[in-house]
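What follows is the content of data38.pdb (PDB, C-alpha atoms).
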```pdb
ATOM      1  CA  MET A 295     -29.985  -6.860 -20.412
ATOM      2  CA  VAL A 296     -27.333  -8.637 -18.403
ATOM      3  CA  GLU A 297     -25.232 -10.909 -20.547
ATOM      4  CA  SER A 298     -24.811 -14.432 -19.348
ATOM      5  CA  TYR A 299     -21.276 -15.556 -18.651
ATOM      6  CA  LEU A 300     -19.472 -18.617 -17.397
ATOM      7  CA  ARG A 301     -19.577 -18.615 -13.628
ATOM      8  CA  GLN A 302     -16.846 -20.886 -12.406
ATOM      9  CA  SER A 303     -14.605 -21.471  -9.445
ATOM     10  CA  ALA A 304     -11.239 -19.707  -9.347
ATOM     11  CA  LEU A 305      -9.620 -23.100  -8.756
ATOM     12  CA  ALA A 306     -11.556 -24.982 -11.446
ATOM     13  CA  HIS A 307      -8.364 -25.632 -13.452
ATOM     14  CA  LEU A 308      -6.895 -27.661 -10.565
ATOM     15  CA  GLY A 309      -9.599 -30.326 -10.845
ATOM     16  CA  LEU A 310     -10.037 -30.515  -7.077
ATOM     17  CA  GLU A 311     -13.229 -32.544  -7.196
ATOM     18  CA  ALA A 312     -11.553 -35.236  -9.261
ATOM     19  CA  ARG A 313      -8.599 -35.314  -6.891
ATOM     20  CA  ASP A 314     -10.779 -35.372  -3.760
ATOM     21  CA  GLN A 315      -8.518 -34.316  -0.928
ATOM     22  CA  SER A 316     -10.944 -35.325   1.774
ATOM     23  CA  GLY A 317     -10.441 -38.989   2.437
ATOM     24  CA  GLN A 318      -6.699 -39.465   2.894
ATOM     25  CA  GLU A 319      -5.962 -42.007   5.600
ATOM     26  CA  GLY A 320      -4.247 -40.477   8.626
ATOM     27  CA  ALA A 321      -4.351 -36.936   7.221
ATOM     28  CA  GLN A 322      -4.205 -34.326   9.977
ATOM     29  CA  VAL A 323      -5.124 -31.494   7.650
ATOM     30  CA  ARG A 324      -7.820 -31.315   5.020
ATOM     31  CA  LEU A 325      -7.989 -28.673   2.288
ATOM     32  CA  GLN A 326     -11.134 -27.988   0.391
ATOM     33  CA  GLU A 327     -12.506 -25.236  -1.809
ATOM     34  CA  LYS A 328     -15.848 -23.672  -0.947
ATOM     35  CA  VAL A 329     -17.026 -22.731  -4.390
ATOM     36  CA  LEU A 330     -18.260 -19.220  -5.231
ATOM     37  CA  PRO A 331     -19.270 -17.653  -1.946
ATOM     38  CA  ALA A 332     -22.088 -15.112  -2.089
ATOM     39  CA  ALA A 333     -20.463 -12.139  -0.370
ATOM     40  CA  VAL A 334     -21.551  -8.580   0.225
ATOM     41  CA  ASN A 335     -19.387  -5.834   1.667
ATOM     42  CA  LEU A 336     -21.311  -3.493   3.920
ATOM     43  CA  ARG A 337     -20.269  -0.039   5.116
ATOM     44  CA  GLY A 338     -22.257   2.055   7.537
ATOM     45  CA  ASP A 339     -22.297   3.879  10.830
ATOM     46  CA  PRO A 340     -22.678   1.522  13.824
ATOM     47  CA  SER A 341     -23.699   4.425  16.080
ATOM     48  CA  ASP A 342     -26.848   4.814  13.947
ATOM     49  CA  GLU A 343     -29.586   2.696  15.583
ATOM     50  CA  GLY A 344     -31.647   2.686  12.380
ATOM     51  CA  PHE A 345     -28.703   1.235  10.421
ATOM     52  CA  LEU A 346     -28.210  -1.552  12.975
ATOM     53  CA  ALA A 347     -31.916  -2.417  13.060
ATOM     54  CA  ALA A 348     -32.244  -2.410   9.258
ATOM     55  CA  THR A 349     -29.200  -4.652   8.734
ATOM     56  CA  HIS A 350     -30.358  -7.002  11.472
ATOM     57  CA  GLN A 351     -33.713  -7.366   9.775
ATOM     58  CA  ALA A 352     -32.202  -7.854   6.295
ATOM     59  CA  LEU A 353     -29.476 -10.308   7.336
ATOM     60  CA  GLY A 354     -31.279 -12.205  10.083
ATOM     61  CA  VAL A 355     -28.330 -11.690  12.439
ATOM     62  CA  ALA A 356     -27.090  -8.588  14.221
ATOM     63  CA  LEU A 357     -23.862  -6.959  13.004
ATOM     64  CA  PRO A 358     -20.890  -7.895  15.184
ATOM     65  CA  LEU A 359     -19.746  -4.681  16.863
ATOM     66  CA  GLU A 360     -16.863  -6.231  18.752
ATOM     67  CA  PRO A 361     -13.613  -6.270  16.714
ATOM     68  CA  ASN A 362     -12.545  -9.502  15.009
ATOM     69  CA  ARG A 363     -15.850 -11.277  15.665
ATOM     70  CA  VAL A 364     -18.395 -13.054  13.509
ATOM     71  CA  GLU A 365     -22.145 -13.248  13.986
ATOM     72  CA  SER A 366     -23.611 -16.170  12.129
ATOM     73  CA  SER A 367     -26.699 -18.202  11.537
ATOM     74  CA  GLU A 368     -26.985 -21.413   9.558
ATOM     75  CA  ARG A 369     -27.381 -19.455   6.338
ATOM     76  CA  ILE A 370     -25.092 -16.493   6.722
ATOM     77  CA  ALA A 371     -21.934 -15.313   8.466
ATOM     78  CA  VAL A 372     -21.281 -11.630   9.084
ATOM     79  CA  LEU A 373     -17.604 -10.823   9.595
ATOM     80  CA  TRP A 374     -16.287  -7.684  11.305
ATOM     81  CA  LEU A 375     -13.744  -6.067   8.965
ATOM     82  CA  GLY A 376     -13.341  -2.641  10.528
ATOM     83  CA  PRO A 377     -15.099  -0.105  12.745
ATOM     84  CA  ASN A 378     -17.653   0.624   9.999
ATOM     85  CA  GLU A 379     -17.197  -2.286   7.613
ATOM     86  CA  TRP A 380     -18.547  -5.842   7.497
ATOM     87  CA  LEU A 381     -18.581  -8.794   5.118
ATOM     88  CA  ALA A 382     -21.749 -10.873   4.861
ATOM     89  CA  VAL A 383     -21.049 -14.306   3.389
ATOM     90  CA  SER A 384     -23.342 -17.128   2.480
ATOM     91  CA  HIS A 385     -22.270 -20.410   0.920
ATOM     92  CA  ASP A 386     -25.445 -20.680  -1.071
ATOM     93  CA  ASP A 387     -24.609 -22.185  -4.494
ATOM     94  CA  GLU A 388     -27.600 -20.574  -6.133
ATOM     95  CA  PRO A 389     -26.251 -17.991  -8.664
ATOM     96  CA  THR A 390     -28.672 -15.243  -7.607
ATOM     97  CA  ALA A 391     -28.048 -15.665  -3.858
ATOM     98  CA  GLU A 392     -25.620 -12.747  -3.801
ATOM     99  CA  SER A 393     -27.761 -10.281  -5.735
ATOM    100  CA  ARG A 394     -30.798 -11.189  -3.639
ATOM    101  CA  LEU A 395     -28.831 -10.593  -0.433
ATOM    102  CA  ALA A 396     -27.560  -7.248  -1.730
ATOM    103  CA  GLU A 397     -31.043  -6.290  -2.859
ATOM    104  CA  ARG A 398     -32.492  -7.037   0.588
ATOM    105  CA  LEU A 399     -29.807  -4.897   2.209
ATOM    106  CA  ARG A 400     -30.240  -2.030  -0.254
ATOM    107  CA  GLU A 401     -33.973  -1.950   0.311
ATOM    108  CA  ALA A 402     -33.561  -2.020   4.081
ATOM    109  CA  LEU A 403     -30.900   0.694   3.979
ATOM    110  CA  ALA A 404     -32.584   3.005   1.501
ATOM    111  CA  ASP A 405     -32.803   5.741   4.153
ATOM    112  CA  SER A 406     -29.387   5.171   5.760
ATOM    113  CA  HIS A 407     -25.950   6.502   4.936
ATOM    114  CA  ALA A 408     -24.539   3.113   3.935
ATOM    115  CA  ALA A 409     -22.890   1.245   1.071
ATOM    116  CA  VAL A 410     -23.658  -2.265  -0.132
ATOM    117  CA  THR A 411     -21.232  -3.858  -2.599
ATOM    118  CA  GLU A 412     -21.339  -7.334  -4.111
ATOM    119  CA  VAL A 413     -17.838  -8.783  -3.860
ATOM    120  CA  GLY A 414     -18.330 -12.569  -3.999
ATOM    121  CA  GLU A 415     -16.954 -12.981  -7.508
ATOM    122  CA  SER A 416     -13.714 -11.260  -6.524
ATOM    123  CA  LEU A 417     -13.150 -13.822  -3.785
ATOM    124  CA  ALA A 418     -12.238 -17.452  -3.467
ATOM    125  CA  CYS A 419     -12.778 -19.436  -0.295
ATOM    126  CA  ILE A 420     -10.446 -22.195   0.834
ATOM    127  CA  HIS A 421     -11.495 -24.267   3.831
ATOM    128  CA  ILE A 422      -8.720 -25.799   5.885
ATOM    129  CA  ALA A 423      -9.526 -28.110   8.781
ATOM    130  CA  GLY A 424      -7.939 -30.766  10.936
ATOM    131  CA  PRO A 425      -5.915 -31.056  14.145
ATOM    132  CA  ARG A 426      -2.856 -29.434  12.511
ATOM    133  CA  ALA A 427      -4.686 -26.810  10.436
ATOM    134  CA  ALA A 428      -3.524 -23.940  12.659
ATOM    135  CA  ASP A 429       0.087 -25.151  12.323
ATOM    136  CA  VAL A 430      -0.155 -25.005   8.538
ATOM    137  CA  ILE A 431      -1.563 -21.463   8.614
ATOM    138  CA  ALA A 432       1.009 -20.372  11.204
ATOM    139  CA  LYS A 433       3.827 -21.201   8.783
ATOM    140  CA  GLY A 434       2.928 -18.071   6.840
ATOM    141  CA  CYS A 435       0.639 -15.976   9.008
ATOM    142  CA  PRO A 436       1.495 -13.750  12.003
ATOM    143  CA  LEU A 437      -1.878 -14.188  13.767
ATOM    144  CA  ASP A 438      -1.999 -15.912  17.127
ATOM    145  CA  LEU A 439      -4.312 -18.856  16.438
ATOM    146  CA  HIS A 440      -3.859 -20.523  19.818
ATOM    147  CA  PRO A 441      -7.262 -21.653  21.190
ATOM    148  CA  GLY A 442      -6.674 -19.309  24.135
ATOM    149  CA  ALA A 443      -6.619 -16.313  21.783
ATOM    150  CA  PHE A 444      -8.606 -17.310  18.704
ATOM    151  CA  THR A 445     -11.682 -19.562  18.637
ATOM    152  CA  ALA A 446     -14.706 -20.324  16.483
ATOM    153  CA  GLY A 447     -16.563 -17.094  15.791
ATOM    154  CA  HIS A 448     -13.357 -15.051  15.518
ATOM    155  CA  CYS A 449     -12.213 -13.519  12.261
ATOM    156  CA  ALA A 450      -9.238 -11.425  11.209
ATOM    157  CA  GLN A 451      -7.795  -9.833   8.131
ATOM    158  CA  SER A 452      -4.141 -10.625   7.786
ATOM    159  CA  HIS A 453      -1.779 -12.266   5.336
ATOM    160  CA  ILE A 454      -0.682 -15.818   4.640
ATOM    161  CA  ALA A 455       2.540 -16.179   2.665
ATOM    162  CA  LYS A 456       2.262 -12.458   1.823
ATOM    163  CA  THR A 457      -1.219 -12.878   0.348
ATOM    164  CA  ALA A 458      -4.011 -10.812   1.911
ATOM    165  CA  VAL A 459      -6.492 -13.170   3.539
ATOM    166  CA  THR A 460      -9.644 -12.781   5.591
ATOM    167  CA  LEU A 461      -9.633 -15.657   8.025
ATOM    168  CA  HIS A 462     -12.762 -16.930   9.747
ATOM    169  CA  GLN A 463     -12.537 -19.739  12.289
ATOM    170  CA  VAL A 464     -15.695 -21.820  11.839
ATOM    171  CA  ASP A 465     -14.946 -24.829  14.038
ATOM    172  CA  ASP A 466     -13.284 -24.982  17.436
ATOM    173  CA  ALA A 467     -10.227 -27.050  18.249
ATOM    174  CA  GLY A 468     -12.578 -29.316  20.230
ATOM    175  CA  ALA A 469     -14.642 -30.218  17.147
ATOM    176  CA  ALA A 470     -14.508 -33.829  15.946
ATOM    177  CA  ALA A 471     -12.603 -32.894  12.789
ATOM    178  CA  GLY A 472     -10.350 -30.421  14.611
ATOM    179  CA  PRO A 473     -10.377 -26.653  14.125
ATOM    180  CA  GLY A 474     -11.631 -25.392  10.773
ATOM    181  CA  TYR A 475     -10.953 -22.100   9.031
ATOM    182  CA  ASP A 476     -12.479 -20.400   6.005
ATOM    183  CA  LEU A 477      -9.821 -18.381   4.179
ATOM    184  CA  TYR A 478     -11.115 -15.718   1.815
ATOM    185  CA  THR A 479      -8.602 -14.407  -0.658
ATOM    186  CA  ARG A 480      -8.618 -12.584  -3.965
ATOM    187  CA  ARG A 481      -9.577 -14.867  -6.819
ATOM    188  CA  SER A 482      -6.345 -14.133  -8.640
ATOM    189  CA  PHE A 483      -4.270 -15.157  -5.585
ATOM    190  CA  SER A 484      -6.227 -18.322  -4.878
ATOM    191  CA  ASP A 485      -4.173 -20.618  -7.110
ATOM    192  CA  TYR A 486      -0.971 -19.461  -5.411
ATOM    193  CA  LEU A 487      -2.485 -19.739  -1.931
ATOM    194  CA  TRP A 488      -3.896 -23.208  -2.626
ATOM    195  CA  ARG A 489      -0.512 -24.452  -3.854
ATOM    196  CA  TRP A 490       1.287 -22.831  -0.918
ATOM    197  CA  LEU A 491      -1.132 -24.395   1.590
ATOM    198  CA  SER A 492      -0.918 -27.813  -0.109
ATOM    199  CA  ASP A 493       2.847 -27.661   0.158
ATOM    200  CA  ALA A 494       2.793 -26.453   3.767
ATOM    201  CA  ALA A 495       0.358 -29.225   4.674
ATOM    202  CA  ARG A 496       2.401 -32.034   3.116
ATOM    203  CA  GLU A 497       4.058 -33.109   6.349
ATOM    204  CA  TYR A 498       0.626 -33.562   7.962
ATOM    205  CA  LEU A 499      -1.016 -35.503   5.155
ATOM    206  CA  GLY A 500      -0.084 -38.947   6.475
ATOM    207  CA  ALA A 501       0.928 -41.931   4.431
TER     208      ALA A 501
ATOM    209  CA  MET B 146       8.827  -8.853  15.085
ATOM    210  CA  LEU B 147       7.293  -5.572  16.183
ATOM    211  CA  LEU B 148       3.709  -5.765  17.423
ATOM    212  CA  ILE B 149       1.691  -2.649  16.659
ATOM    213  CA  PRO B 150      -1.563  -2.005  18.537
ATOM    214  CA  CYS B 151      -4.083  -1.111  15.831
ATOM    215  CA  PRO B 152      -6.699   1.032  17.613
ATOM    216  CA  TYR B 153      -9.422  -0.998  15.870
ATOM    217  CA  CYS B 154      -8.116  -4.586  15.532
ATOM    218  CA  GLY B 155      -5.781  -4.880  18.525
ATOM    219  CA  LEU B 156      -2.181  -6.111  18.606
ATOM    220  CA  ARG B 157      -0.989  -7.206  15.176
ATOM    221  CA  SER B 158       2.288  -7.950  13.487
ATOM    222  CA  GLU B 159       4.250  -5.091  11.944
ATOM    223  CA  THR B 160       4.091  -6.918   8.585
ATOM    224  CA  GLU B 161       0.361  -6.111   8.299
ATOM    225  CA  PHE B 162       1.051  -2.366   8.460
ATOM    226  CA  SER B 163       2.550   0.229   6.202
ATOM    227  CA  ASN B 164       4.272   3.323   7.474
ATOM    228  CA  GLY B 165       2.930   6.672   6.301
ATOM    229  CA  GLY B 166       5.787   8.894   7.445
ATOM    230  CA  GLU B 167       5.756  11.715   9.927
ATOM    231  CA  ALA B 168       2.353  12.804  11.252
ATOM    232  CA  HIS B 169       0.906  16.284  11.701
ATOM    233  CA  ILE B 170       2.426  17.784   8.528
ATOM    234  CA  VAL B 171      -0.050  20.513   7.690
ATOM    235  CA  ARG B 172      -0.437  21.542   4.071
ATOM    236  CA  PRO B 173       0.161  25.297   3.740
ATOM    237  CA  GLU B 174      -3.099  27.163   3.212
ATOM    238  CA  ASN B 175      -1.714  29.339   0.485
ATOM    239  CA  PRO B 176       1.039  27.448  -1.415
ATOM    240  CA  GLU B 177       1.407  30.202  -4.058
ATOM    241  CA  ALA B 178       2.665  32.585  -1.401
ATOM    242  CA  LEU B 179       5.514  30.288  -0.322
ATOM    243  CA  SER B 180       9.125  30.630  -1.354
ATOM    244  CA  ASP B 181      10.781  27.597  -2.969
ATOM    245  CA  ALA B 182      12.611  26.925   0.272
ATOM    246  CA  GLU B 183       9.406  26.946   2.308
ATOM    247  CA  TRP B 184       7.681  24.652  -0.206
ATOM    248  CA  ALA B 185      10.653  22.274  -0.172
ATOM    249  CA  GLU B 186      10.460  22.252   3.609
ATOM    250  CA  PHE B 187       6.809  21.200   3.439
ATOM    251  CA  VAL B 188       7.293  18.598   0.684
ATOM    252  CA  PHE B 189      10.635  17.024   1.533
ATOM    253  CA  LEU B 190      12.020  17.839   4.936
ATOM    254  CA  ARG B 191      11.045  15.642   7.853
ATOM    255  CA  ASP B 192      12.186  15.334  11.430
ATOM    256  CA  ASN B 193      14.582  12.498  12.117
ATOM    257  CA  PRO B 194      14.849  12.513  15.900
ATOM    258  CA  LYS B 195      16.756  10.109  18.083
ATOM    259  CA  GLY B 196      13.822   9.594  20.416
ATOM    260  CA  VAL B 197      10.086  10.021  20.075
ATOM    261  CA  LEU B 198       8.702  10.415  16.564
ATOM    262  CA  LEU B 199       5.002  10.923  15.770
ATOM    263  CA  GLU B 200       4.131   8.826  12.727
ATOM    264  CA  ARG B 201       1.159   7.808  10.619
ATOM    265  CA  TRP B 202       0.537   4.108  10.090
ATOM    266  CA  ASN B 203      -1.962   2.281   7.937
ATOM    267  CA  HIS B 204      -3.249  -1.179   8.841
ATOM    268  CA  ALA B 205      -2.883  -2.086   5.158
ATOM    269  CA  GLN B 206      -3.489  -5.837   5.384
ATOM    270  CA  GLY B 207      -6.048  -5.562   8.161
ATOM    271  CA  CYS B 208      -8.829  -3.046   8.601
ATOM    272  CA  ARG B 209      -7.133  -0.564   6.182
ATOM    273  CA  ARG B 210      -7.586   2.335   8.628
ATOM    274  CA  TRP B 211      -5.048   5.093   9.256
ATOM    275  CA  PHE B 212      -3.953   6.096  12.736
ATOM    276  CA  ASN B 213      -1.127   7.890  14.524
ATOM    277  CA  VAL B 214       1.647   6.276  16.537
ATOM    278  CA  ALA B 215       4.222   7.813  18.876
ATOM    279  CA  ARG B 216       7.281   5.599  18.511
ATOM    280  CA  ASP B 217      10.726   5.818  20.057
ATOM    281  CA  THR B 218      13.181   5.520  17.170
ATOM    282  CA  VAL B 219      15.898   4.169  19.455
ATOM    283  CA  THR B 220      14.047   1.387  21.267
ATOM    284  CA  TYR B 221      11.120   0.938  18.832
ATOM    285  CA  GLU B 222       8.858   1.208  21.872
ATOM    286  CA  ILE B 223       5.371   2.380  20.945
ATOM    287  CA  LEU B 224       4.396   5.001  23.497
ATOM    288  CA  ALA B 225       0.937   5.970  22.269
ATOM    289  CA  VAL B 226      -1.592   5.231  19.547
ATOM    290  CA  TYR B 227      -4.275   7.773  18.718
ATOM    291  CA  PRO B 228      -6.770   8.391  15.902
ATOM    292  CA  MET B 229      -6.253  10.562  12.853
ATOM    293  CA  GLY B 230      -7.180  14.171  13.523
ATOM    294  CA  ALA B 231      -6.547  13.900  17.253
ATOM    295  CA  ALA B 232      -3.946  16.026  18.992
ATOM    296  CA  PRO B 233      -0.794  14.146  20.015
ATOM    297  CA  PRO B 234      -0.695  13.054  23.657
ATOM    298  CA  ALA B 235       1.695  14.830  25.998
ATOM    299  CA  LEU B 236       5.037  13.022  25.801
ATOM    300  CA  ASP B 237       8.595  14.006  26.536
ATOM    301  CA  ARG B 238       9.665  14.541  22.924
ATOM    302  CA  ARG B 239      13.377  14.650  23.715
ATOM    303  CA  ARG B 240      13.340  11.335  25.553
ATOM    304  CA  VAL B 241      16.488   9.461  24.595
ATOM    305  CA  VAL B 242      17.267   6.132  26.160
TER     306      VAL B 242
END
```
Mind converting the file's structure to structure tokens?
Amino acid sequence: MVESYLRQSALAHLGLEARDQSGQEGAQVRLQEKVLPAAVNLRGDPSDEGFLAATHQALGVALPLEPNRVESSERIAVLWLGPNEWLAVSHDDEPTAESRLAERLREALADSHAAVTEVGESLACIHIAGPRAADVIAKGCPLDLHPGAFTAGHCAQSHIAKTAVTLHQVDDAGAAAGPGYDLYTRRSFSDYLWRWLSDAAREYLGA
Amino acid sequence: MLLIPCPYCGLRSETEFSNGGEAHIVRPENPEALSDAEWAEFVFLRDNPKGVLLERWNHAQGCRRWFNVARDTVTYEILAVYPMGAAPPALDRRRVV
């Protein structure tokens, strides 16, 4: 039997909900935690047609084969991590969302040479958005986030302030709220990254 | 900042990579038959050319894949990038700028 345990956000101790970062007047950057992503790491051979078809059927979207790209639907985003590695993420709060997603993939891939690993509970997701969001990230990240090089639907693994981060741009610079990025980092680094981002964003927070 | 072209992810900052030392060092098939000097040569001694050096790099904070790089140790110019297991491209190894 699986023991029950306390499932809680990696940033729960910061009391972010009580602080509510969202509504500051004149803020050009907004930081927000996306609690407990359901995430599954997927390895397999993209030259195998059966593998591509099976994952497409199980995920509802095709795997992105072009480097640094994301294929997404309303329910799920599939990030390219490497030539034979992807991360499927869903921001479904339901506790079994991740195991159900992994189960669907495992069933579909029973005959393929592939690996399906649940990784959501090792990750924390910080969402940063606003007209100056890219400037905040650029203070500690070597990626070129200029709209000419990086737009919604792009992803990259890199580092922010020396912390390994998987970055997924979800909203374009043209969006009403400005560009938005989901930053996935290790749970144990999330407190540090949150504090670093909060500090880097201070000059853009308005009065 | 040095930009390194990861063969999988494209141009990325040097800070995302870790250097894996000289490439194409082949482990001796029969280590027991080697003299201490030959074993030391395999374990410790590496080329240190002023010019083109073939190196292994790992995109440690990116896709985590290994690949080979031909880099000029004088100018830091990256002359070629090729996958693990591939033969090095033809380059003038004694090129010194």
Residues in the PyMOL selection byres ((chain A) within 6 of (chain B)), expressed as a PyMOL selection string | chain A and resi 361+375-376+451-452
Nearest to B:Ala225 by atom-to-atom distance, counting all atoms listed in the file, from B:Asn213, B:Ala168, B:Val188, B:Glu174 | B:Asn213
Step by step: start from the point (-31.3, -5.9, 9.1) in the file's coordinates, keep every protein, DNA or RNA residue that has an atom no farther than 12 Å from it, count all atoms listed in the file, and write the set as a ChimeraX atom specification.
-> /A:336,343-357,372,382,395-404,406
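Picked out by the PyMOL selection byres ((chain A and resi 444) around 12) when it runs on this file: Asn362, Arg363, Val364, Ala428, Leu437, Asp438, Leu439, His440, Pro441, Gly442, Ala443, Thr445, Ala446, Gly447, His448, Cys449, Ala450, Leu461, His462, Gln463, Val464, Asp465, Asp466, Ala467, Pro473, Gly474 and Tyr475 of chain A.
Matched in the shown structure by the PyMOL selection byres ((chain A and resi 422) around 8): Val323, Arg324, Leu325, Gln326, Ile420, His421, Ala423, Gly424, Ala427, Gly474, Tyr475, Asp476 and Leu477 of chain A.
Atom pair atom CA of A:Leu330 / atom CA of A:Ala494: separated by 24.0 Å.
The residue that comes closest to A:Gln302, out of A:Ala471, A:Asp493, A:Val329, A:Ile431 and on the basis of only C-alpha atoms, is A:Val329.
Computed from the coordinates, the atom CA of B:Phe212 to atom CA of A:Leu373 distance equals 22.0 Å.
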Minimum-distance residue to B:Val226, chosen among B:Ser180, B:Asn164, B:Leu199, B:Asn175 (using all atoms listed in the file) = B:Leu199
Would you please work out which residue, of B:Arg172, B:Leu179, B:Glu167, B:Arg216, is nearest to B:Asp192 when using all atoms listed in the file?
-> B:Glu167
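Of note, atom CA of B:Pro234 and atom CA of A:Asn378 are spaced 25.1 Å apart.
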Who sits within 12 Å of B:Tyr221, all atoms listed in the file, same chain under 6 positions skipped, as a ChimeraX atom specification = /B:146-149,159,195-198,214-215,241-242
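Once B:Pro176 and its same-chain neighbours fewer than 6 positions away are set aside, Ala182, Glu183, Trp184, Ala185, Glu186, Phe187 and Val188 of chain B remain within 12 Å of it when counting only C-alpha atoms.
Residue nearest B:Gly165, chosen from B:Ala235, B:Leu224, B:Val219, B:Trp202 and counting only C-alpha atoms: B:Trp202.
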